[in-house]
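These notes are about the structure you will find just below.
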Amino acid sequence: MKKCGSRTVILYVAVLVLFFVSQIKFSSITELFAVISTRMRDQGTTSLVLSDRYSRENPAPALASPIICNRSHLNYDICSINSPTVLDPKASTFYVTGHTISKPQVEKIQPYPRKWDKFRMNRIKEFNLTSGPPSPPCMVQHNATALVFSVGGYDGDFFSDFYDEFIPLFITINSLFYGKDFVLVISNVRGWWIWRYADLLQSFNKHPIINLDNDTTTHCFPSATIGLMSLDLKSKNPKPTTNSKIILQFHQLLEKTYGHNHSSNSPSLKTQPRLVLAGRRGAIGRLFMHRAEVKKVAEDEGFEVVEFDPKYAIPMHEVYALLSSSHVLMGVHGAALTHLLFLRPGSVLLQVVPLATEWLAERCFGILAREMDLDYMDYKIGVGESSLVDKYGKDHMALKDPEGFLEKNRGWTSMTVETYLKKQNVRLDLDRFRGYLKKAFVKAKAFMDREG
């Protein structure tokens, strides 16, 4: 991110973001990204980079105390206890043992990488880290360090599951725990989440997970890290970084976890490129108003089309088998496109972009797709392809000048979120869209001929 000249200005921007976010409640991660886009776009922030730069730009203090916290990042805090410690789940407290200082040290942290999101952070359990008073007796001794985080942010949002939880977990482990042993300690976690992602969690670590929501036993660790490092935004023209392949490396972990049994979905059996048409059934807004017709046009262009409506009840290995044996993923901007992480590098992502969501579409999936080495295409709908024309008329400012409409209404507010993200559906100009499908078919066919 470009430097703004002084620490005061940086803090001022952070306070503004926190203030504006705190005024609105959101039902999905996309709606929240819409709000922060108004503030962050002006800072020239559109490219994914790793935020572990904090350790170089804001070095931690000297190891004079057993508890060290770095709070310099806008997205997350991260603390470490460099001494034996006892965790009391009932008090949500880590007690430092075997280290004596004249004045007890106390820190507090919510281990979720979205600290500027006041509404969601209210749901995240806070942990106390203290070098006094004396700890309760230890009941379970661990020989590995604790890695502590929460998954209680956007409950049930597939994009958030990966962007705010699994990718940050992957970054943190590879940055701080490479070649080291650790135990995952998780708070604000629901049973269905552990069930759905059990295989992936086992790929990170073989130790049993400590679920703090149903554990009253004290645990002892030789040390602990509380919090996760997350992805971040950078300038519009980023220079290559040593971490530029992090998404590809994460995809390799997904392949190792879920890619061992593709069964009948094996790409070698295909004679046509397969296009997965991602739906949003059950979601509010950004639906295809004529999905059957869209499917027919894609089939006319030579694709085998599979309709896919994500559901948490579908086992992850089945979802991965479908996507990893396909050649194109297509859908309207929304969390379902997070499944691009399951595609093979070289596949095609075709994102349909509703009015006013261009920056969000790029921010959430365009950059991620390029990091994955996908062939990224976006179809930006016209005024006549938005359902908003029925409500406002084609000459209304909300359709003719979405950016102006957003500016007039103070950016992404509850009203503009309702307008563009909840009440807007799409009816594609199929003649125009057919041209995009033709290009996607050429790309997909070439990929299929190379890779199967």
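Letters A, B, ... go to the chains of the structure tokens in the order shown; residues in each chain start at 1; ligands are counted from 1 in the same order.
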
### Query
Where does DSSP see helix (DSSP H, G or I) in segment 154-250 of chain A, if you list the residues as a ChimeraX atom specification?
/A:158-176,191-196,198-204,212-214,246-250

Writer output for current selection, N, CA, C and O atoms, as a compact mmCIF listing (two decimals), in the first residue's frame:
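Writing done, so here's result.txt:
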```
# COMPACT_ATOMS: atom_id res chain seq x y z
N PHE A 158 -19.07 -19.31 2.14
CA PHE A 158 -18.00 -20.12 1.59
C PHE A 158 -16.77 -19.28 1.27
O PHE A 158 -15.62 -19.72 1.46
N PHE A 159 -16.99 -18.07 0.78
CA PHE A 159 -15.87 -17.18 0.48
C PHE A 159 -15.09 -16.88 1.76
O PHE A 159 -13.86 -16.94 1.80
N SER A 160 -15.81 -16.56 2.82
CA SER A 160 -15.15 -16.24 4.09
C SER A 160 -14.44 -17.45 4.68
O SER A 160 -13.37 -17.31 5.28
N ASP A 161 -15.03 -18.64 4.53
CA ASP A 161 -14.37 -19.85 5.02
C ASP A 161 -12.94 -19.95 4.50
O ASP A 161 -12.03 -20.37 5.22
N PHE A 162 -12.75 -19.58 3.25
CA PHE A 162 -11.43 -19.69 2.65
C PHE A 162 -10.62 -18.40 2.77
O PHE A 162 -9.44 -18.44 3.14
N TYR A 163 -11.23 -17.28 2.47
CA TYR A 163 -10.47 -16.03 2.46
C TYR A 163 -10.07 -15.58 3.86
O TYR A 163 -8.97 -15.05 4.06
N ASP A 164 -10.93 -15.78 4.85
CA ASP A 164 -10.68 -15.30 6.20
C ASP A 164 -10.18 -16.38 7.15
O ASP A 164 -9.77 -16.07 8.27
N GLU A 165 -10.24 -17.63 6.72
CA GLU A 165 -9.88 -18.71 7.64
C GLU A 165 -8.81 -19.64 7.06
O GLU A 165 -7.68 -19.67 7.56
N PHE A 166 -9.11 -20.39 6.00
CA PHE A 166 -8.16 -21.39 5.54
C PHE A 166 -6.93 -20.81 4.85
O PHE A 166 -5.81 -21.29 5.07
N ILE A 167 -7.10 -19.80 4.02
CA ILE A 167 -5.92 -19.20 3.39
C ILE A 167 -5.05 -18.51 4.44
O ILE A 167 -3.83 -18.69 4.45
N PRO A 168 -5.62 -17.70 5.36
CA PRO A 168 -4.78 -17.16 6.44
C PRO A 168 -4.11 -18.25 7.29
O PRO A 168 -2.95 -18.09 7.69
N LEU A 169 -4.82 -19.34 7.56
CA LEU A 169 -4.21 -20.44 8.30
C LEU A 169 -3.02 -21.01 7.54
O LEU A 169 -1.95 -21.26 8.12
N PHE A 170 -3.18 -21.18 6.24
CA PHE A 170 -2.10 -21.69 5.40
C PHE A 170 -0.91 -20.74 5.41
O PHE A 170 0.25 -21.16 5.54
N ILE A 171 -1.18 -19.44 5.30
CA ILE A 171 -0.10 -18.44 5.32
C ILE A 171 0.64 -18.47 6.65
O ILE A 171 1.88 -18.47 6.70
N THR A 172 -0.11 -18.49 7.74
CA THR A 172 0.49 -18.45 9.07
C THR A 172 1.35 -19.68 9.32
O THR A 172 2.48 -19.57 9.82
N ILE A 173 0.84 -20.84 8.96
CA ILE A 173 1.61 -22.07 9.17
C ILE A 173 2.90 -22.06 8.36
O ILE A 173 3.97 -22.40 8.87
N ASN A 174 2.80 -21.64 7.10
CA ASN A 174 3.99 -21.66 6.25
C ASN A 174 4.96 -20.53 6.55
O ASN A 174 6.14 -20.63 6.21
N SER A 175 4.47 -19.48 7.21
CA SER A 175 5.35 -18.37 7.57
C SER A 175 6.00 -18.56 8.93
O SER A 175 7.17 -18.21 9.13
N LEU A 176 5.25 -19.10 9.89
CA LEU A 176 5.73 -19.16 11.27
C LEU A 176 5.99 -20.58 11.78
O LEU A 176 6.71 -20.74 12.77
N GLY A 191 -20.19 -27.36 14.93
CA GLY A 191 -19.92 -28.76 14.60
C GLY A 191 -19.94 -29.04 13.12
O GLY A 191 -19.13 -29.81 12.61
N TRP A 192 -20.86 -28.40 12.38
CA TRP A 192 -20.95 -28.66 10.94
C TRP A 192 -19.69 -28.19 10.23
O TRP A 192 -19.29 -28.77 9.22
N TRP A 193 -19.07 -27.13 10.74
CA TRP A 193 -17.85 -26.60 10.12
C TRP A 193 -16.72 -27.62 10.23
O TRP A 193 -16.02 -27.90 9.25
N ILE A 194 -16.55 -28.19 11.40
CA ILE A 194 -15.50 -29.20 11.59
C ILE A 194 -15.80 -30.44 10.76
O ILE A 194 -14.90 -31.03 10.14
N TRP A 195 -17.09 -30.83 10.69
CA TRP A 195 -17.46 -31.99 9.88
C TRP A 195 -17.16 -31.75 8.40
O TRP A 195 -16.58 -32.60 7.74
N ARG A 196 -17.54 -30.58 7.90
CA ARG A 196 -17.38 -30.31 6.47
C ARG A 196 -15.91 -30.24 6.07
O ARG A 196 -15.53 -30.71 4.99
N ALA A 198 -13.21 -31.50 7.78
CA ALA A 198 -12.37 -32.40 8.57
C ALA A 198 -11.12 -32.83 7.81
O ALA A 198 -10.00 -32.84 8.36
N ASP A 199 -11.26 -33.20 6.54
CA ASP A 199 -10.11 -33.67 5.75
C ASP A 199 -9.09 -32.56 5.56
O ASP A 199 -7.87 -32.80 5.64
N LEU A 200 -9.56 -31.36 5.30
CA LEU A 200 -8.64 -30.24 5.09
C LEU A 200 -7.91 -29.90 6.38
O LEU A 200 -6.70 -29.64 6.38
N LEU A 201 -8.61 -29.91 7.49
CA LEU A 201 -7.97 -29.65 8.78
C LEU A 201 -6.90 -30.70 9.08
O LEU A 201 -5.83 -30.38 9.61
N GLN A 202 -7.18 -31.95 8.72
CA GLN A 202 -6.19 -33.01 8.92
C GLN A 202 -4.97 -32.82 8.02
O GLN A 202 -3.86 -33.24 8.37
N SER A 203 -5.15 -32.17 6.88
CA SER A 203 -4.02 -31.90 5.99
C SER A 203 -3.08 -30.86 6.59
O SER A 203 -1.88 -30.85 6.31
N PHE A 204 -3.63 -29.97 7.40
CA PHE A 204 -2.80 -28.98 8.07
C PHE A 204 -2.04 -29.61 9.24
O PHE A 204 -0.88 -29.27 9.49
N LEU A 212 -12.55 -24.99 21.72
CA LEU A 212 -12.70 -24.28 22.98
C LEU A 212 -14.15 -24.05 23.37
O LEU A 212 -14.43 -23.69 24.52
N ASP A 213 -15.06 -24.26 22.45
CA ASP A 213 -16.48 -24.02 22.76
C ASP A 213 -17.09 -25.14 23.60
O ASP A 213 -18.15 -24.95 24.20
N ASN A 214 -16.44 -26.30 23.64
CA ASN A 214 -16.98 -27.40 24.45
C ASN A 214 -15.89 -28.07 25.28
O ASN A 214 -15.96 -29.27 25.55
N ILE A 246 1.39 -17.95 -3.52
CA ILE A 246 0.75 -18.52 -2.33
C ILE A 246 -0.56 -19.22 -2.68
O ILE A 246 -0.88 -20.27 -2.11
N ILE A 247 -1.34 -18.65 -3.62
CA ILE A 247 -2.63 -19.26 -3.96
C ILE A 247 -2.42 -20.58 -4.69
O ILE A 247 -3.14 -21.56 -4.45
N LEU A 248 -1.43 -20.63 -5.56
CA LEU A 248 -1.12 -21.90 -6.23
C LEU A 248 -0.66 -22.95 -5.22
O LEU A 248 -1.03 -24.13 -5.32
N GLN A 249 0.11 -22.53 -4.25
CA GLN A 249 0.56 -23.47 -3.22
C GLN A 249 -0.62 -23.96 -2.39
O GLN A 249 -0.68 -25.14 -2.01
N PHE A 250 -1.55 -23.07 -2.11
CA PHE A 250 -2.74 -23.48 -1.39
C PHE A 250 -3.57 -24.45 -2.23
O PHE A 250 -4.11 -25.43 -1.69
```

### Query
Residues of segment 168-285 of chain A in strand (DSSP E) according to DSSP, as a list of chain:residue names?
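Residues meeting the strand (DSSP E) criterion: A:Phe182, A:Val183, A:Leu184, A:Val185, A:Ile186, A:Ser187, A:Ile210, A:Asn211, A:His219, A:Cys220, A:Phe221, A:Ala224, A:Thr225, A:Ile226, A:Leu231, A:Asp232, A:Leu233, A:Lys234, A:Arg274, A:Leu275, A:Val276, A:Leu277, A:Ala278.
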
### Message
Measuring between only C-alpha atoms, which one of A:Phe342, A:Phe441, A:Phe447, A:Phe405 shows the shortest distance to Glu299 of chain A?
### Response
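The answer is A:Phe441, which sits nearest to Glu299 of chain A.
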
#### Entry: Residue contacts of Ile314 of chain A (12 Å, only C-alpha atoms) excluding same-chain residues fewer than 5 positions away, as a PyMOL selection string
chain A and resi 192+195-197+308-309+319-322

Same residues, all heavy atoms, saved as a JSON list (two decimals), in the first residue's frame:
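Produced file again_20.json, reproduced below:
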```
[["chain", "number", "residue", "atom", "x", "y", "z"],
["A", 192, "TRP", "N", -20.86, -28.40, 12.38],
["A", 192, "TRP", "CA", -20.95, -28.66, 10.94],
["A", 192, "TRP", "C", -19.69, -28.19, 10.23],
["A", 192, "TRP", "O", -19.29, -28.77, 9.22],
["A", 192, "TRP", "CB", -22.19, -28.00, 10.34],
["A", 192, "TRP", "CG", -22.20, -26.50, 10.40],
["A", 192, "TRP", "CD1", -22.85, -25.72, 11.31],
["A", 192, "TRP", "CD2", -21.54, -25.58, 9.51],
["A", 192, "TRP", "NE1", -22.63, -24.39, 11.06],
["A", 192, "TRP", "CE2", -21.83, -24.28, 9.96],
["A", 192, "TRP", "CE3", -20.73, -25.74, 8.39],
["A", 192, "TRP", "CZ2", -21.34, -23.15, 9.32],
["A", 192, "TRP", "CZ3", -20.23, -24.62, 7.75],
["A", 192, "TRP", "CH2", -20.54, -23.34, 8.22],
["A", 195, "TRP", "N", -17.09, -30.83, 10.69],
["A", 195, "TRP", "CA", -17.46, -31.99, 9.88],
["A", 195, "TRP", "C", -17.16, -31.75, 8.40],
["A", 195, "TRP", "O", -16.58, -32.60, 7.74],
["A", 195, "TRP", "CB", -18.94, -32.29, 10.07],
["A", 195, "TRP", "CG", -19.46, -33.33, 9.09],
["A", 195, "TRP", "CD1", -19.35, -34.68, 9.21],
["A", 195, "TRP", "CD2", -20.10, -33.08, 7.83],
["A", 195, "TRP", "NE1", -19.91, -35.30, 8.11],
["A", 195, "TRP", "CE2", -20.38, -34.33, 7.25],
["A", 195, "TRP", "CE3", -20.48, -31.92, 7.15],
["A", 195, "TRP", "CZ2", -21.01, -34.46, 6.01],
["A", 195, "TRP", "CZ3", -21.11, -32.04, 5.91],
["A", 195, "TRP", "CH2", -21.37, -33.30, 5.36],
["A", 196, "ARG", "N", -17.54, -30.58, 7.90],
["A", 196, "ARG", "CA", -17.38, -30.31, 6.47],
["A", 196, "ARG", "C", -15.91, -30.24, 6.07],
["A", 196, "ARG", "O", -15.53, -30.71, 4.99],
["A", 196, "ARG", "CB", -18.08, -29.00, 6.11],
["A", 196, "ARG", "CG", -17.95, -28.62, 4.62],
["A", 196, "ARG", "CD", -18.95, -27.59, 4.23],
["A", 196, "ARG", "NE", -18.81, -27.13, 2.86],
["A", 196, "ARG", "CZ", -19.19, -27.81, 1.77],
["A", 196, "ARG", "NH1", -19.74, -28.99, 1.92],
["A", 196, "ARG", "NH2", -19.04, -27.32, 0.57],
["A", 197, "TYR", "N", -15.09, -29.68, 6.93],
["A", 197, "TYR", "CA", -13.69, -29.44, 6.56],
["A", 197, "TYR", "C", -12.73, -30.36, 7.30],
["A", 197, "TYR", "O", -11.53, -30.06, 7.40],
["A", 197, "TYR", "CB", -13.34, -27.98, 6.83],
["A", 197, "TYR", "CG", -14.13, -27.01, 5.99],
["A", 197, "TYR", "CD1", -14.98, -26.08, 6.58],
["A", 197, "TYR", "CD2", -14.03, -27.01, 4.60],
["A", 197, "TYR", "CE1", -15.71, -25.17, 5.82],
["A", 197, "TYR", "CE2", -14.76, -26.11, 3.82],
["A", 197, "TYR", "CZ", -15.60, -25.20, 4.44],
["A", 197, "TYR", "OH", -16.31, -24.31, 3.68],
["A", 308, "PHE", "N", -24.62, -26.34, -10.96],
["A", 308, "PHE", "CA", -24.05, -26.56, -9.63],
["A", 308, "PHE", "C", -24.57, -25.51, -8.66],
["A", 308, "PHE", "O", -24.30, -24.32, -8.82],
["A", 308, "PHE", "CB", -22.53, -26.51, -9.70],
["A", 308, "PHE", "CG", -21.84, -26.53, -8.36],
["A", 308, "PHE", "CD1", -22.05, -27.56, -7.47],
["A", 308, "PHE", "CD2", -20.95, -25.51, -8.02],
["A", 308, "PHE", "CE1", -21.41, -27.58, -6.24],
["A", 308, "PHE", "CE2", -20.31, -25.53, -6.79],
["A", 308, "PHE", "CZ", -20.53, -26.56, -5.90],
["A", 309, "ASP", "N", -25.36, -25.94, -7.70],
["A", 309, "ASP", "CA", -25.84, -25.07, -6.63],
["A", 309, "ASP", "C", -25.16, -25.51, -5.34],
["A", 309, "ASP", "O", -25.50, -26.56, -4.78],
["A", 309, "ASP", "CB", -27.36, -25.16, -6.50],
["A", 309, "ASP", "CG", -28.08, -24.49, -7.65],
["A", 309, "ASP", "OD1", -28.05, -23.26, -7.72],
["A", 309, "ASP", "OD2", -28.65, -25.21, -8.49],
["A", 319, "VAL", "N", -17.47, -32.14, -4.43],
["A", 319, "VAL", "CA", -17.39, -30.82, -5.05],
["A", 319, "VAL", "C", -16.06, -30.65, -5.75],
["A", 319, "VAL", "O", -15.98, -30.18, -6.89],
["A", 319, "VAL", "CB", -17.59, -29.71, -3.99],
["A", 319, "VAL", "CG1", -17.46, -28.33, -4.62],
["A", 319, "VAL", "CG2", -18.94, -29.85, -3.30],
["A", 320, "TYR", "N", -14.99, -31.06, -5.09],
["A", 320, "TYR", "CA", -13.66, -30.92, -5.69],
["A", 320, "TYR", "C", -13.54, -31.78, -6.94],
["A", 320, "TYR", "O", -12.97, -31.34, -7.95],
["A", 320, "TYR", "CB", -12.58, -31.32, -4.68],
["A", 320, "TYR", "CG", -11.18, -30.97, -5.15],
["A", 320, "TYR", "CD1", -10.64, -29.73, -4.88],
["A", 320, "TYR", "CD2", -10.44, -31.88, -5.90],
["A", 320, "TYR", "CE1", -9.38, -29.40, -5.33],
["A", 320, "TYR", "CE2", -9.18, -31.56, -6.36],
["A", 320, "TYR", "CZ", -8.65, -30.31, -6.07],
["A", 320, "TYR", "OH", -7.41, -29.98, -6.53],
["A", 321, "ALA", "N", -14.08, -32.99, -6.90],
["A", 321, "ALA", "CA", -14.01, -33.87, -8.07],
["A", 321, "ALA", "C", -14.69, -33.24, -9.27],
["A", 321, "ALA", "O", -14.20, -33.32, -10.40],
["A", 321, "ALA", "CB", -14.65, -35.22, -7.73],
["A", 322, "LEU", "N", -15.84, -32.61, -9.05],
["A", 322, "LEU", "CA", -16.55, -31.96, -10.14],
["A", 322, "LEU", "C", -15.75, -30.82, -10.73],
["A", 322, "LEU", "O", -15.53, -30.73, -11.94],
["A", 322, "LEU", "CB", -17.90, -31.44, -9.65],
["A", 322, "LEU", "CG", -18.67, -30.53, -10.62],
["A", 322, "LEU", "CD1", -19.06, -31.32, -11.88],
["A", 322, "LEU", "CD2", -19.89, -29.92, -9.96]]
```

### A:Glu385, A:Asp117, A:Glu403, A:Glu418 ranked by distance to Met289 of chain A, top pick (using only C-alpha atoms)
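Of the candidates, the smallest distance to Met289 of chain A is held by A:Glu385.
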
### Task
Identify, on the basis of only C-alpha atoms, every residue whose closest approach to Ile381 of chain A does not exceed 9 Å; exclude the query and any residue fewer than 5 positions from it along the same chain; express the result as a VMD selection string.
chain A and resid 352 to 355 386 426 to 429

Set the distance at 8 Å and use only C-alpha atoms: which residues neighbour segment 141-151 of chain A once local chain neighbours fewer than 2 positions away are removed? I'd like the list as a PDB file with N, CA and C atoms, in the first residue's frame.
```pdb
ATOM      1  N   GLN A 110      -8.557 -10.702  19.844  1.00  0.00           N
ATOM      2  CA  GLN A 110      -9.596 -11.483  19.164  1.00  0.00           C
ATOM      3  C   GLN A 110      -8.960 -12.062  17.907  1.00  0.00           C
ATOM      4  N   PRO A 111      -8.733 -13.374  17.857  1.00  0.00           N
ATOM      5  CA  PRO A 111      -7.929 -13.972  16.787  1.00  0.00           C
ATOM      6  C   PRO A 111      -8.703 -14.241  15.499  1.00  0.00           C
ATOM      7  N   TYR A 112      -9.159 -13.158  14.880  1.00  0.00           N
ATOM      8  CA  TYR A 112      -9.867 -13.275  13.602  1.00  0.00           C
ATOM      9  C   TYR A 112      -9.389 -12.133  12.703  1.00  0.00           C
ATOM     10  N   ILE A 124     -16.696 -12.463  18.000  1.00  0.00           N
ATOM     11  CA  ILE A 124     -15.452 -13.200  18.169  1.00  0.00           C
ATOM     12  C   ILE A 124     -15.022 -13.184  19.635  1.00  0.00           C
ATOM     13  N   LYS A 125     -14.735 -14.354  20.173  1.00  0.00           N
ATOM     14  CA  LYS A 125     -14.298 -14.461  21.571  1.00  0.00           C
ATOM     15  C   LYS A 125     -12.964 -13.754  21.769  1.00  0.00           C
ATOM     16  N   CYS A 138      -2.332 -27.586  35.541  1.00  0.00           N
ATOM     17  CA  CYS A 138      -2.356 -28.140  34.184  1.00  0.00           C
ATOM     18  C   CYS A 138      -2.976 -29.535  34.204  1.00  0.00           C
ATOM     19  N   MET A 139      -3.913 -29.782  33.300  1.00  0.00           N
ATOM     20  CA  MET A 139      -4.591 -31.078  33.229  1.00  0.00           C
ATOM     21  C   MET A 139      -4.138 -31.901  32.020  1.00  0.00           C
ATOM     22  N   GLY A 153     -16.695 -15.544  12.168  1.00  0.00           N
ATOM     23  CA  GLY A 153     -17.032 -14.303  11.473  1.00  0.00           C
ATOM     24  C   GLY A 153     -18.283 -14.428  10.624  1.00  0.00           C
ATOM     25  N   ASP A 155     -20.481 -16.647   9.316  1.00  0.00           N
ATOM     26  CA  ASP A 155     -20.906 -18.027   9.474  1.00  0.00           C
ATOM     27  C   ASP A 155     -21.591 -18.540   8.211  1.00  0.00           C
ATOM     28  N   ASP A 161     -15.027 -18.642   4.525  1.00  0.00           N
ATOM     29  CA  ASP A 161     -14.370 -19.851   5.022  1.00  0.00           C
ATOM     30  C   ASP A 161     -12.938 -19.953   4.495  1.00  0.00           C
ATOM     31  N   GLU A 165     -10.236 -17.633   6.719  1.00  0.00           N
ATOM     32  CA  GLU A 165      -9.878 -18.710   7.635  1.00  0.00           C
ATOM     33  C   GLU A 165      -8.808 -19.642   7.062  1.00  0.00           C
ATOM     34  N   ASP A 181       6.047 -28.398  14.848  1.00  0.00           N
ATOM     35  CA  ASP A 181       4.839 -29.073  15.298  1.00  0.00           C
ATOM     36  C   ASP A 181       3.939 -28.073  16.022  1.00  0.00           C
ATOM     37  N   PHE A 182       2.632 -28.248  15.866  1.00  0.00           N
ATOM     38  CA  PHE A 182       1.688 -27.328  16.495  1.00  0.00           C
ATOM     39  C   PHE A 182       0.344 -28.030  16.673  1.00  0.00           C
ATOM     40  N   VAL A 183      -0.474 -27.454  17.530  1.00  0.00           N
ATOM     41  CA  VAL A 183      -1.822 -27.943  17.793  1.00  0.00           C
ATOM     42  C   VAL A 183      -2.803 -26.827  17.454  1.00  0.00           C
ATOM     43  N   LEU A 184      -3.840 -27.138  16.675  1.00  0.00           N
ATOM     44  CA  LEU A 184      -4.857 -26.143  16.339  1.00  0.00           C
ATOM     45  C   LEU A 184      -5.840 -26.001  17.498  1.00  0.00           C
ATOM     46  N   VAL A 185      -6.003 -24.763  17.937  1.00  0.00           N
ATOM     47  CA  VAL A 185      -6.932 -24.439  19.015  1.00  0.00           C
ATOM     48  C   VAL A 185      -7.937 -23.447  18.436  1.00  0.00           C
ATOM     49  N   ILE A 186      -9.214 -23.836  18.347  1.00  0.00           N
ATOM     50  CA  ILE A 186     -10.197 -23.058  17.608  1.00  0.00           C
ATOM     51  C   ILE A 186     -11.353 -22.654  18.508  1.00  0.00           C
ATOM     52  N   SER A 187     -11.787 -21.405  18.361  1.00  0.00           N
ATOM     53  CA  SER A 187     -12.957 -20.922  19.095  1.00  0.00           C
ATOM     54  C   SER A 187     -14.044 -20.489  18.121  1.00  0.00           C
ATOM     55  N   ASN A 188     -15.259 -20.304  18.639  1.00  0.00           N
ATOM     56  CA  ASN A 188     -16.412 -19.886  17.835  1.00  0.00           C
ATOM     57  C   ASN A 188     -16.646 -20.826  16.666  1.00  0.00           C
ATOM     58  N   VAL A 189     -16.464 -22.109  16.888  1.00  0.00           N
ATOM     59  CA  VAL A 189     -16.581 -23.073  15.794  1.00  0.00           C
ATOM     60  C   VAL A 189     -17.828 -23.925  15.984  1.00  0.00           C
ATOM     61  N   HIS A 219      -5.083 -26.750  29.422  1.00  0.00           N
ATOM     62  CA  HIS A 219      -4.072 -27.314  28.526  1.00  0.00           C
ATOM     63  C   HIS A 219      -2.763 -26.565  28.702  1.00  0.00           C
ATOM     64  N   CYS A 220      -1.645 -27.291  28.682  1.00  0.00           N
ATOM     65  CA  CYS A 220      -0.331 -26.681  28.804  1.00  0.00           C
ATOM     66  C   CYS A 220       0.431 -26.817  27.486  1.00  0.00           C
ATOM     67  N   PHE A 221       1.089 -25.737  27.074  1.00  0.00           N
ATOM     68  CA  PHE A 221       1.857 -25.715  25.833  1.00  0.00           C
ATOM     69  C   PHE A 221       3.228 -25.100  26.096  1.00  0.00           C
ATOM     70  N   PRO A 222       4.232 -25.491  25.315  1.00  0.00           N
ATOM     71  CA  PRO A 222       5.550 -24.866  25.477  1.00  0.00           C
ATOM     72  C   PRO A 222       5.579 -23.425  24.989  1.00  0.00           C
ATOM     73  N   SER A 223       4.624 -23.046  24.127  1.00  0.00           N
ATOM     74  CA  SER A 223       4.500 -21.677  23.623  1.00  0.00           C
ATOM     75  C   SER A 223       3.169 -21.583  22.889  1.00  0.00           C
ATOM     76  N   ALA A 224       2.816 -20.394  22.418  1.00  0.00           N
ATOM     77  CA  ALA A 224       1.529 -20.232  21.720  1.00  0.00           C
ATOM     78  C   ALA A 224       1.583 -19.048  20.776  1.00  0.00           C
ATOM     79  N   THR A 225       0.850 -19.176  19.679  1.00  0.00           N
ATOM     80  CA  THR A 225       0.619 -18.064  18.759  1.00  0.00           C
ATOM     81  C   THR A 225      -0.884 -17.874  18.667  1.00  0.00           C
ATOM     82  N   ILE A 226      -1.333 -16.644  18.862  1.00  0.00           N
ATOM     83  CA  ILE A 226      -2.765 -16.360  18.873  1.00  0.00           C
ATOM     84  C   ILE A 226      -3.052 -15.363  17.753  1.00  0.00           C
ATOM     85  N   GLY A 227      -3.824 -15.809  16.736  1.00  0.00           N
ATOM     86  CA  GLY A 227      -4.154 -14.971  15.599  1.00  0.00           C
ATOM     87  C   GLY A 227      -3.611 -15.537  14.299  1.00  0.00           C
ATOM     88  N   LEU A 228      -4.146 -15.061  13.178  1.00  0.00           N
ATOM     89  CA  LEU A 228      -3.742 -15.496  11.844  1.00  0.00           C
ATOM     90  C   LEU A 228      -3.316 -14.313  10.996  1.00  0.00           C
TER      91      LEU A 228
END
```

### Task
Could you check which of A:Trp412, A:Arg274, A:Val442, A:Lys245 is closest to Glu371 of chain A, using only C-alpha atoms?
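Smallest distance to Glu371 of chain A is found for A:Lys245.
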
### Message
Please report the interatomic distance between atom CA of Leu275 of chain A and atom CA of Leu287 of chain A in Å with one decimal.
### Response
17.7 Å
